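Structure file model34.tsv (TSV, C-alpha atoms) follows.
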```tsv
chain	number	residue	atom	x	y	z
G	1	MET	CA	-42.36	160.89	93.47
G	2	ARG	CA	-44.79	160.74	96.36
G	3	VAL	CA	-43.89	158.78	99.52
G	4	THR	CA	-46.75	157.10	101.35
G	5	LEU	CA	-46.27	156.56	105.08
G	6	ARG	CA	-47.14	153.09	106.25
G	7	TYR	CA	-48.26	154.42	109.65
G	8	LYS	CA	-50.06	157.63	110.45
G	9	PRO	CA	-47.96	160.35	112.13
G	10	LYS	CA	-50.24	160.20	115.16
G	11	THR	CA	-49.53	156.49	115.57
G	12	ILE	CA	-45.77	157.03	115.28
G	13	LEU	CA	-45.84	159.78	117.90
G	14	THR	CA	-47.87	157.57	120.26
G	15	ILE	CA	-45.34	154.71	119.94
G	16	LEU	CA	-42.43	157.10	120.49
G	17	LEU	CA	-44.09	158.58	123.58
G	18	LEU	CA	-44.73	155.12	125.06
G	19	PHE	CA	-41.11	154.19	124.41
G	20	LEU	CA	-39.82	157.28	126.22
G	21	ILE	CA	-42.15	156.71	129.18
G	22	THR	CA	-40.98	153.09	129.46
G	23	CYS	CA	-37.32	154.16	129.41
G	24	TYR	CA	-37.96	156.71	132.13
G	25	PHE	CA	-39.58	154.20	134.48
G	26	LEU	CA	-36.91	151.56	133.87
G	27	THR	CA	-34.18	154.00	134.89
G	28	HIS	CA	-36.01	155.66	137.80
G	29	LEU	CA	-37.88	152.85	139.53
G	30	PRO	CA	-36.61	152.31	143.12
G	31	VAL	CA	-35.06	148.98	144.07
G	32	THR	CA	-37.76	146.86	145.68
G	33	HIS	CA	-37.29	144.59	148.67
G	34	PHE	CA	-37.56	141.60	146.37
G	35	SER	CA	-34.42	142.57	144.49
G	36	THR	CA	-30.93	141.44	145.49
G	37	ALA	CA	-29.41	144.54	143.86
G	38	PHE	CA	-29.93	146.59	147.01
G	39	TYR	CA	-28.20	144.08	149.22
G	40	HIS	CA	-25.13	143.41	147.10
G	41	LYS	CA	-23.08	146.22	145.67
G	42	GLN	CA	-20.93	145.47	142.66
G	43	LEU	CA	-17.20	145.70	143.22
G	44	PRO	CA	-15.54	148.62	141.46
G	45	ARG	CA	-14.05	147.65	138.12
G	46	ASP	CA	-10.43	148.74	138.66
G	47	THR	CA	-7.36	148.23	136.53
G	48	ASN	CA	-6.52	144.96	138.32
G	49	GLN	CA	-9.76	143.25	137.25
G	50	ILE	CA	-8.18	141.45	134.29
G	51	GLU	CA	-5.19	140.43	136.38
G	52	LYS	CA	-7.55	139.16	139.06
G	53	TYR	CA	-9.46	136.80	136.78
G	54	ARG	CA	-6.31	135.73	135.00
G	55	LEU	CA	-4.80	134.69	138.34
G	56	MET	CA	-7.95	132.76	139.28
G	57	ARG	CA	-7.90	130.84	136.00
G	58	GLN	CA	-4.17	130.17	136.33
G	59	ILE	CA	-4.62	128.69	139.81
G	60	GLU	CA	-7.47	126.45	138.63
G	61	PHE	CA	-5.46	125.35	135.54
G	62	LYS	CA	-2.33	124.69	137.59
G	63	TYR	CA	-4.29	122.61	140.10
G	64	ASN	CA	-5.82	120.41	137.39
G	65	GLU	CA	-2.46	120.10	135.63
G	66	GLN	CA	-0.78	118.92	138.84
G	67	LEU	CA	-3.52	116.34	139.39
G	68	GLU	CA	-2.94	114.89	135.92
G	69	ASN	CA	0.73	114.29	136.73
G	70	LEU	CA	0.11	112.45	140.01
G	71	THR	CA	0.20	108.68	140.33
G	72	PRO	CA	-2.74	106.90	142.02
G	73	GLU	CA	-0.54	106.36	145.07
G	74	GLU	CA	0.31	110.07	145.27
G	75	LEU	CA	-3.35	111.01	144.86
G	76	LYS	CA	-4.32	108.73	147.73
G	77	SER	CA	-1.51	110.07	149.93
G	78	LEU	CA	-2.58	113.70	149.38
G	79	SER	CA	-6.26	112.82	149.86
G	80	ASP	CA	-5.40	111.19	153.18
G	81	TYR	CA	-3.38	114.26	154.20
G	82	TYR	CA	-6.15	116.75	153.37
G	83	HIS	CA	-8.92	114.31	154.46
G	84	ARG	CA	-10.85	114.76	151.20
G	85	ASP	CA	-10.78	113.46	147.64
G	86	ILE	CA	-8.57	116.16	146.10
G	87	ALA	CA	-9.40	115.02	142.56
G	88	LEU	CA	-13.06	116.07	142.81
G	89	HIS	CA	-14.64	119.43	141.95
G	90	TRP	CA	-12.10	121.75	143.49
G	91	GLY	CA	-10.41	122.84	140.28
G	92	GLY	CA	-13.17	121.85	137.87
G	93	LYS	CA	-16.01	123.73	136.27
G	94	HIS	CA	-17.08	125.28	139.59
G	95	GLY	CA	-13.72	126.98	139.99
G	96	LEU	CA	-12.91	129.59	142.62
G	97	LEU	CA	-16.26	131.33	142.26
G	98	PRO	CA	-19.00	128.67	142.01
G	99	ALA	CA	-22.65	129.51	141.44
G	100	SER	CA	-24.43	131.01	144.43
G	101	LYS	CA	-27.07	128.95	146.19
G	102	PRO	CA	-30.48	130.64	145.72
G	103	PRO	CA	-32.57	131.74	148.74
G	104	PRO	CA	-35.09	129.11	149.88
G	105	ASN	CA	-37.90	131.64	149.50
G	106	ILE	CA	-37.58	135.24	148.29
G	107	LYS	CA	-40.06	136.30	150.99
G	108	CYS	CA	-37.37	135.78	153.61
G	109	LEU	CA	-35.94	139.10	152.44
G	110	ASP	CA	-39.12	140.98	153.37
G	111	TYR	CA	-38.29	141.47	157.03
G	112	LEU	CA	-34.80	142.89	156.42
G	113	ASP	CA	-34.02	146.48	157.20
G	114	ARG	CA	-32.09	148.34	154.53
G	115	ALA	CA	-29.49	150.15	156.58
G	116	TYR	CA	-26.61	148.39	158.28
G	117	SER	CA	-23.61	150.34	159.50
G	118	GLU	CA	-21.63	147.64	161.30
G	119	ARG	CA	-18.03	146.99	160.32
G	120	VAL	CA	-17.64	143.23	159.94
G	121	THR	CA	-14.56	141.09	160.52
G	122	VAL	CA	-14.79	137.69	158.86
G	123	LEU	CA	-12.67	135.33	160.99
G	124	ILE	CA	-11.30	132.14	159.41
G	125	THR	CA	-9.02	129.68	161.17
G	126	TYR	CA	-7.32	126.82	159.36
G	127	LYS	CA	-4.66	124.16	159.65
G	128	ASN	CA	-3.25	122.25	156.66
G	129	GLU	CA	-6.14	123.38	154.48
G	130	LEU	CA	-6.24	122.63	150.76
G	131	LEU	CA	-5.34	126.06	149.38
G	132	LEU	CA	-7.86	125.93	146.56
G	133	LEU	CA	-10.69	125.56	149.10
G	134	LEU	CA	-9.35	128.45	151.18
G	135	TYR	CA	-9.12	130.60	148.04
G	136	ARG	CA	-12.68	129.65	147.17
G	137	ALA	CA	-13.91	130.71	150.62
G	138	LEU	CA	-12.06	134.03	150.34
G	139	THR	CA	-13.28	134.67	146.79
G	140	THR	CA	-16.95	134.02	147.53
G	141	ILE	CA	-16.73	136.28	150.59
G	142	ILE	CA	-15.21	139.23	148.72
G	143	GLU	CA	-17.54	138.84	145.73
G	144	ARG	CA	-20.75	138.38	147.75
G	145	THR	CA	-20.32	140.78	150.64
G	146	PRO	CA	-21.14	144.50	150.35
G	147	THR	CA	-17.89	146.41	150.34
G	148	ASP	CA	-19.18	148.97	152.85
G	149	LEU	CA	-19.82	146.19	155.40
G	150	LEU	CA	-16.68	144.07	154.97
G	151	HIS	CA	-14.09	145.68	157.23
G	152	GLU	CA	-11.49	142.90	157.08
G	153	ILE	CA	-10.89	139.18	156.71
G	154	LEU	CA	-8.73	137.83	159.53
G	155	LEU	CA	-6.93	134.55	158.81
G	156	ILE	CA	-5.52	132.51	161.70
G	157	ASP	CA	-3.08	129.77	160.64
G	158	ASP	CA	-3.15	127.34	163.55
G	159	GLY	CA	0.31	125.86	163.05
G	160	SER	CA	0.05	124.39	159.55
G	161	ASP	CA	2.92	122.09	158.53
G	162	LYS	CA	3.75	124.42	155.62
G	163	ASP	CA	3.75	128.21	155.81
G	164	ASP	CA	1.78	129.39	152.75
G	165	SER	CA	1.40	132.96	154.04
G	166	LEU	CA	3.19	134.69	151.16
G	167	GLU	CA	1.24	132.78	148.50
G	168	ILE	CA	-2.09	133.46	150.24
G	169	LEU	CA	-1.31	137.16	150.70
G	170	GLU	CA	-0.35	137.52	147.04
G	171	TYR	CA	-3.63	135.96	145.94
G	172	CYS	CA	-5.54	138.29	148.26
G	173	ARG	CA	-3.62	141.31	146.95
G	174	VAL	CA	-4.47	140.59	143.33
G	175	VAL	CA	-8.10	139.68	144.00
G	176	GLY	CA	-8.53	142.72	146.25
G	177	ILE	CA	-9.27	141.01	149.56
G	178	PRO	CA	-8.70	143.12	152.72
G	179	VAL	CA	-6.91	140.44	154.71
G	180	ARG	CA	-4.78	140.22	157.86
G	181	MET	CA	-2.93	137.05	158.82
G	182	ILE	CA	-1.76	135.64	162.14
G	183	ARG	CA	0.32	132.47	162.06
G	184	LYS	CA	0.89	130.34	165.13
G	185	ASN	CA	4.06	128.24	165.08
G	186	VAL	CA	2.47	125.63	167.35
G	187	SER	CA	-1.16	124.51	167.02
G	188	VAL	CA	-3.39	125.60	169.91
G	189	GLY	CA	-6.57	123.98	168.58
G	190	ILE	CA	-9.33	125.52	166.51
G	191	ALA	CA	-11.32	126.87	169.48
G	192	ASN	CA	-8.31	128.62	171.03
G	193	ALA	CA	-7.22	129.93	167.62
G	194	ARG	CA	-10.67	131.48	167.20
G	195	TYR	CA	-10.48	132.77	170.75
G	196	ALA	CA	-7.28	134.62	169.81
G	197	GLY	CA	-8.81	135.85	166.56
G	198	ILE	CA	-11.86	137.27	168.36
G	199	ARG	CA	-9.60	139.43	170.48
G	200	ALA	CA	-7.47	140.52	167.52
G	201	ALA	CA	-10.46	141.47	165.33
G	202	THR	CA	-11.10	145.17	164.80
G	203	GLY	CA	-14.66	144.99	163.43
G	204	ASP	CA	-17.86	145.70	165.37
G	205	VAL	CA	-19.29	142.32	164.34
G	206	ILE	CA	-17.34	139.08	163.92
G	207	ALA	CA	-18.54	136.46	161.45
G	208	ILE	CA	-16.79	133.13	162.03
G	209	LEU	CA	-16.51	130.75	159.06
G	210	ASP	CA	-14.68	127.51	158.35
G	211	SER	CA	-11.90	127.69	155.77
G	212	HIS	CA	-13.68	125.23	153.43
G	213	MET	CA	-17.02	127.02	153.21
G	214	GLU	CA	-18.68	128.95	150.39
G	215	VAL	CA	-20.98	131.88	151.10
G	216	SER	CA	-24.05	132.63	148.99
G	217	GLU	CA	-25.42	135.98	147.90
G	218	ILE	CA	-27.07	137.95	150.73
G	219	TRP	CA	-25.42	135.74	153.36
G	220	LEU	CA	-24.38	138.55	155.71
G	221	GLN	CA	-27.32	140.99	155.85
G	222	PRO	CA	-29.83	138.57	157.48
G	223	LEU	CA	-27.26	137.88	160.23
G	224	LEU	CA	-26.77	141.60	160.83
G	225	ASP	CA	-30.54	142.05	160.94
G	226	ILE	CA	-30.79	139.57	163.82
G	227	LEU	CA	-28.07	141.41	165.73
G	228	LYS	CA	-29.67	144.78	165.05
G	229	HIS	CA	-32.80	143.71	166.90
G	230	LYS	CA	-31.13	141.37	169.43
G	231	PRO	CA	-27.65	142.74	170.15
G	232	ALA	CA	-26.67	139.98	172.62
G	233	ALA	CA	-27.74	137.14	170.31
G	234	VAL	CA	-25.67	134.87	168.10
G	235	ALA	CA	-26.91	134.68	164.50
G	236	ILE	CA	-26.34	131.48	162.56
G	237	PRO	CA	-26.59	130.95	158.79
G	238	LEU	CA	-28.13	127.83	157.31
G	239	VAL	CA	-25.18	125.50	156.76
G	240	HIS	CA	-25.62	123.04	153.92
G	241	MET	CA	-23.36	120.05	154.43
G	242	MET	CA	-21.93	119.36	151.01
G	243	GLY	CA	-20.62	115.86	150.43
G	244	GLU	CA	-18.08	115.38	147.69
G	245	LYS	CA	-20.51	113.23	145.73
G	246	ASP	CA	-23.55	115.53	145.96
G	247	TYR	CA	-21.94	118.87	145.14
G	248	GLU	CA	-24.44	119.71	142.40
G	249	GLU	CA	-27.48	118.79	144.49
G	250	GLN	CA	-26.48	120.99	147.40
G	251	HIS	CA	-26.38	124.06	145.15
G	252	GLN	CA	-30.10	123.66	144.49
G	253	ASP	CA	-33.01	125.14	146.46
G	254	VAL	CA	-32.71	122.97	149.59
G	255	VAL	CA	-33.12	124.04	153.22
G	256	GLN	CA	-31.61	122.21	156.20
G	257	PRO	CA	-32.39	123.84	159.55
G	258	TYR	CA	-30.56	122.96	162.74
G	259	GLY	CA	-31.38	120.62	165.56
G	260	ILE	CA	-29.67	118.75	168.40
G	261	GLN	CA	-29.61	115.19	169.61
G	262	MET	CA	-28.43	113.78	172.93
G	263	THR	CA	-25.96	110.94	173.45
G	264	SER	CA	-24.23	109.81	176.63
G	265	GLY	CA	-26.57	111.81	178.81
G	266	LEU	CA	-25.69	115.51	178.61
G	267	GLY	CA	-22.00	114.86	178.01
G	268	MET	CA	-22.05	115.06	174.22
G	269	ILE	CA	-24.77	117.27	172.72
G	270	GLN	CA	-24.33	116.63	169.05
G	271	PHE	CA	-25.14	118.92	166.17
G	272	TYR	CA	-27.13	117.60	163.22
G	273	PHE	CA	-29.41	118.69	160.38
G	274	THR	CA	-33.09	118.05	159.82
G	275	GLY	CA	-35.80	119.15	157.40
G	276	PRO	CA	-37.50	122.55	157.67
G	277	PRO	CA	-40.81	123.11	159.38
G	278	GLU	CA	-43.35	123.21	156.56
G	279	ASP	CA	-45.03	126.40	157.72
G	280	ASN	CA	-41.89	128.45	158.34
G	281	VAL	CA	-39.07	128.70	155.81
G	282	THR	CA	-38.90	132.49	155.65
G	283	GLU	CA	-38.64	134.04	159.13
G	284	PRO	CA	-35.81	133.60	161.66
G	285	TYR	CA	-36.26	130.81	164.18
G	286	LEU	CA	-34.56	129.72	167.41
G	287	THR	CA	-32.21	126.78	167.72
G	288	ALA	CA	-30.92	125.07	170.85
G	289	SER	CA	-27.33	124.57	169.72
G	290	LEU	CA	-24.95	125.71	167.01
G	291	ALA	CA	-22.02	124.39	165.03
G	292	GLY	CA	-18.79	126.18	165.76
G	293	GLY	CA	-17.84	126.92	162.14
G	294	ALA	CA	-20.51	129.43	161.10
G	295	LEU	CA	-21.90	132.24	163.26
G	296	ALA	CA	-22.00	136.01	163.68
G	297	ALA	CA	-22.18	138.17	166.81
G	298	TYR	CA	-21.03	141.50	168.11
G	299	LYS	CA	-17.38	141.38	169.19
G	300	THR	CA	-18.39	142.42	172.71
G	301	THR	CA	-20.66	139.36	172.95
G	302	LEU	CA	-17.96	136.95	171.81
G	303	VAL	CA	-15.27	138.52	173.98
G	304	ASP	CA	-17.55	138.03	176.98
G	305	LEU	CA	-18.97	134.60	176.17
G	306	TYR	CA	-16.68	132.65	173.79
G	307	PRO	CA	-15.09	129.81	175.78
G	308	ALA	CA	-11.37	129.10	175.76
G	309	SER	CA	-10.94	125.39	175.12
G	310	ILE	CA	-9.31	123.27	177.82
G	311	VAL	CA	-8.40	120.46	175.42
G	312	SER	CA	-6.04	121.87	172.77
G	313	THR	CA	-7.18	119.91	169.76
G	314	SER	CA	-8.25	120.87	166.27
G	315	TRP	CA	-11.82	119.97	167.15
G	316	GLY	CA	-13.60	120.59	170.42
G	317	ILE	CA	-16.80	121.16	172.37
G	318	GLU	CA	-16.71	124.97	172.39
G	319	ASN	CA	-19.89	125.22	170.28
G	320	ASN	CA	-21.94	123.51	172.99
G	321	ARG	CA	-20.40	125.65	175.72
G	322	LEU	CA	-21.01	128.84	173.74
G	323	SER	CA	-24.62	127.78	173.07
G	324	LEU	CA	-25.24	127.34	176.80
G	325	ARG	CA	-23.69	130.71	177.64
G	326	VAL	CA	-25.64	132.58	174.99
G	327	TRP	CA	-28.93	131.09	176.18
G	328	LEU	CA	-28.23	131.87	179.83
G	329	CYS	CA	-26.46	135.22	179.41
G	330	GLY	CA	-27.51	136.55	176.00
G	331	ASP	CA	-30.44	136.81	173.57
G	332	GLY	CA	-30.40	133.24	172.26
G	333	LEU	CA	-29.39	131.53	169.00
G	334	TRP	CA	-31.26	132.63	165.87
G	335	VAL	CA	-31.24	131.20	162.34
G	336	PRO	CA	-32.36	133.45	159.44
G	337	PRO	CA	-33.00	131.04	156.54
G	338	CYS	CA	-32.01	133.56	153.86
G	339	SER	CA	-28.42	133.47	155.10
G	340	GLN	CA	-26.84	130.40	153.54
G	341	VAL	CA	-23.35	128.94	153.43
G	342	LEU	CA	-22.11	125.62	152.09
G	343	HIS	CA	-19.72	123.42	154.07
G	344	THR	CA	-17.50	121.01	152.16
G	345	ASN	CA	-17.37	117.70	154.00
G	346	GLY	CA	-14.21	115.64	153.93
G	347	ASN	CA	-13.79	111.88	153.82
G	348	ASP	CA	-13.07	111.59	157.56
G	349	ILE	CA	-16.65	111.92	158.79
G	350	SER	CA	-15.89	109.99	161.99
G	351	LEU	CA	-13.16	112.56	162.84
G	352	GLN	CA	-10.53	109.91	163.50
G	353	ARG	CA	-7.73	112.41	162.83
G	354	TYR	CA	-8.77	114.34	165.92
G	355	MET	CA	-8.90	111.24	168.06
G	356	LYS	CA	-5.26	110.58	167.19
G	357	GLU	CA	-4.23	114.05	168.37
G	358	SER	CA	-5.43	113.51	171.93
G	359	ASN	CA	-5.65	110.21	173.75
G	360	GLY	CA	-9.13	109.76	175.20
G	361	LEU	CA	-10.40	112.87	173.41
G	362	ILE	CA	-14.12	112.07	173.69
G	363	LYS	CA	-13.85	111.52	177.46
G	364	LYS	CA	-12.00	114.84	177.87
G	365	LEU	CA	-14.58	116.72	175.81
G	366	GLU	CA	-17.45	115.15	177.75
G	367	ASP	CA	-15.84	116.24	181.03
G	368	GLU	CA	-15.41	119.76	179.63
G	369	ASN	CA	-19.08	119.88	178.68
G	370	TYR	CA	-20.19	118.60	182.09
G	371	ALA	CA	-17.95	121.15	183.80
G	372	GLU	CA	-19.56	124.00	181.84
G	373	ILE	CA	-23.04	122.91	182.92
G	374	THR	CA	-21.93	122.31	186.50
G	375	ASN	CA	-20.60	125.87	186.79
G	376	PHE	CA	-24.06	127.24	186.08
G	377	ILE	CA	-25.50	125.23	188.98
G	378	ARG	CA	-24.84	127.23	192.14
G	379	ASP	CA	-25.68	124.79	194.92
G	380	PRO	CA	-23.01	122.06	195.55
G	381	ALA	CA	-25.70	119.53	196.48
G	382	GLU	CA	-27.55	120.22	193.23
G	383	GLN	CA	-24.27	119.90	191.32
G	384	ARG	CA	-23.72	116.42	192.71
G	385	PHE	CA	-27.34	115.49	192.09
G	386	PHE	CA	-26.94	116.57	188.46
G	387	LEU	CA	-23.72	114.58	188.02
G	388	ASN	CA	-25.14	111.54	189.83
G	389	THR	CA	-28.04	111.60	187.39
G	390	THR	CA	-26.18	112.21	184.12
G	391	TYR	CA	-22.45	111.49	184.54
G	392	LEU	CA	-22.39	107.86	183.43
G	393	GLY	CA	-19.83	105.20	184.22
G	394	GLU	CA	-17.72	107.20	186.71
G	395	SER	CA	-17.32	106.81	190.46
G	396	SER	CA	-15.50	110.14	190.93
G	397	PHE	CA	-16.55	113.60	189.79
G	398	ASN	CA	-13.12	115.12	190.48
G	399	PRO	CA	-12.16	115.53	186.77
G	400	VAL	CA	-15.31	117.60	186.20
G	401	PHE	CA	-14.80	119.76	189.29
G	402	ASP	CA	-11.13	120.34	188.37
G	403	LEU	CA	-12.12	121.55	184.90
G	404	ALA	CA	-14.90	123.70	186.37
G	405	LYS	CA	-12.34	125.54	188.52
G	406	ILE	CA	-10.14	126.21	185.48
G	407	MET	CA	-13.11	127.62	183.56
G	408	GLN	CA	-13.97	129.96	186.44
G	409	GLN	CA	-10.64	131.71	185.89
G	410	THR	CA	-11.74	133.05	182.47
G	411	PHE	CA	-15.52	133.41	182.86
G	412	GLU	CA	-17.72	134.73	185.66
G	413	TYR	CA	-20.58	132.27	186.03
```

Write out the structure in this file as structure tokens.
Amino acid sequence: MRVTLRYKPKTILTILLLFLITCYFLTHLPVTHFSTAFYHKQLPRDTNQIEKYRLMRQIEFKYNEQLENLTPEELKSLSDYYHRDIALHWGGKHGLLPASKPPPNIKCLDYLDRAYSERVTVLITYKNELLLLLYRALTTIIERTPTDLLHEILLIDDGSDKDDSLEILEYCRVVGIPVRMIRKNVSVGIANARYAGIRAATGDVIAILDSHMEVSEIWLQPLLDILKHKPAAVAIPLVHMMGEKDYEEQHQDVVQPYGIQMTSGLGMIQFYFTGPPEDNVTEPYLTASLAGGALAAYKTTLVDLYPASIVSTSWGIENNRLSLRVWLCGDGLWVPPCSQVLHTNGNDISLQRYMKESNGLIKKLEDENYAEITNFIRDPAEQRFFLNTTYLGESSFNPVFDLAKIMQQTFEY
């Protein structure tokens, strides 16, 4: 019986040769600067990987199960305590490792160098944080940060009502998070807790994040790139303010660069978000002020410039004071748009919980801000001219001058 080939041998050999050539190029092509594979190394698949994901699912399941057993009154009480609607999102389909927010434009990766050797400490301070949100922050950091860059995660518990240290450390052990913890028995305020964490950190670079943030892929490298070229700068990721009702929308391709607005003269320089400049969504740009909960800088810069807060409250004015010091003594504040984090807003937007902690808090913070500016003005006559022009509603400047003297003890103006 004679077998007739459907294709000529020459044709078969040509197809086989093309197949082999294609396989060779697919396995030997270098990673291009458009690919995220270069910037994010996969975690090693060790024997604890199954245990890790089992624990994550168990925590999410337990959280949802507990919610189902709560009465409406209990739900409201816990939501008031954590200052957020605890029944939304946190244990749902997004889980402990939600989808990463995509870069606003892939071209913003073009300017990055490919070699970073800094050891990074991620510093997180918290007080009475919803554990599921803290776990989510930790999980996104460990999953989306190159292992050769992440030196440690330093957690500062600023006097939480309940000590969850053992539970947090066990989660970090199973998930493989290199964590250190410092717990303060009495709250010193978020700024002073960070101040202590900066000095305790052992990394070359410190990245400060809030405990209810999520980081996206390639969040760290653009910050390191800024510091590589401007060592005395502070690098700031794009922070997307994520309301509890617009969680899905904020995971889309949206950019919200920084800006500032002035109220009460120069006393309260507020932080807010605005739309991007149409002709620049790829390259780093300068900003006048920063929010305190997301930044990166060399430890030496923060040790020298980070201000100790005078008012020991969970919320303060240290971001404005740091912004002023970096502009006058450093290389400025830079925002690389490819570095993105998401900040989970609570239901206390007006920050009333902080007002209850300190009587007359806004007045104290305004005085602290004025004192910082006054210290940078050398001439006493010019100091009084500045305060006469901007310090509204006061007949005496003594509170400002008293604070200025205290600040001079920890910083050489």

Point to revise | Polymer residues at most 8 Å from G:Tyr195, all atoms listed in the file, same-chain spacing of 3 or more positions, as a ChimeraX atom specification | key: /G:191-192,198-199,306-308

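Comparing G:Tyr391, G:Ala294, G:Leu55, G:His212 by their smallest distance to G:Glu170, the closest is G:Leu55 (using all atoms listed in the file).
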
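Going from atom CA of G:Ala371 over to atom CA of G:Ala196, you cover 22.2 Å.
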
Check your understanding: Could you pull the residues within 8 Å of G:Val234, counting all atoms listed in the file, minus those fewer than 3 positions along the same chain, as a PyMOL selection string?
Key -> chain G and resi 227+295-297+326+331-334

For a quick check of your reading of the model, name the residues lying within 12 Å of the coordinate (-17.6, 112.0, 189.9), counting all atoms listed in the file, and write them as a CSV table (one decimal) with C-alpha atoms, in the frame of the given file.
```csv
chain,number,residue,atom,x,y,z
G,367,ASP,CA,-15.8,116.2,181.0
G,370,TYR,CA,-20.2,118.6,182.1
G,371,ALA,CA,-18.0,121.2,183.8
G,374,THR,CA,-21.9,122.3,186.5
G,383,GLN,CA,-24.3,119.9,191.3
G,384,ARG,CA,-23.7,116.4,192.7
G,385,PHE,CA,-27.3,115.5,192.1
G,386,PHE,CA,-26.9,116.6,188.5
G,387,LEU,CA,-23.7,114.6,188.0
G,388,ASN,CA,-25.1,111.5,189.8
G,389,THR,CA,-28.0,111.6,187.4
G,390,THR,CA,-26.2,112.2,184.1
G,391,TYR,CA,-22.4,111.5,184.5
G,392,LEU,CA,-22.4,107.9,183.4
G,393,GLY,CA,-19.8,105.2,184.2
G,394,GLU,CA,-17.7,107.2,186.7
G,395,SER,CA,-17.3,106.8,190.5
G,396,SER,CA,-15.5,110.1,190.9
G,397,PHE,CA,-16.6,113.6,189.8
G,398,ASN,CA,-13.1,115.1,190.5
G,399,PRO,CA,-12.2,115.5,186.8
G,400,VAL,CA,-15.3,117.6,186.2
G,401,PHE,CA,-14.8,119.8,189.3
G,402,ASP,CA,-11.1,120.3,188.4
```

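The residue that comes closest to G:Glu74, out of G:Glu368, G:Tyr298, G:Ile236, G:Ala87 and on the basis of all atoms listed in the file, is G:Ala87.
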
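Going from atom CA of G:Asp85 over to atom CA of G:Lys162, you cover 19.9 Å.
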
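Nearest to G:Ser79 of all the residues G:Leu67, G:Ile182, G:Leu286, G:Leu324 is G:Leu67, counting all atoms listed in the file.
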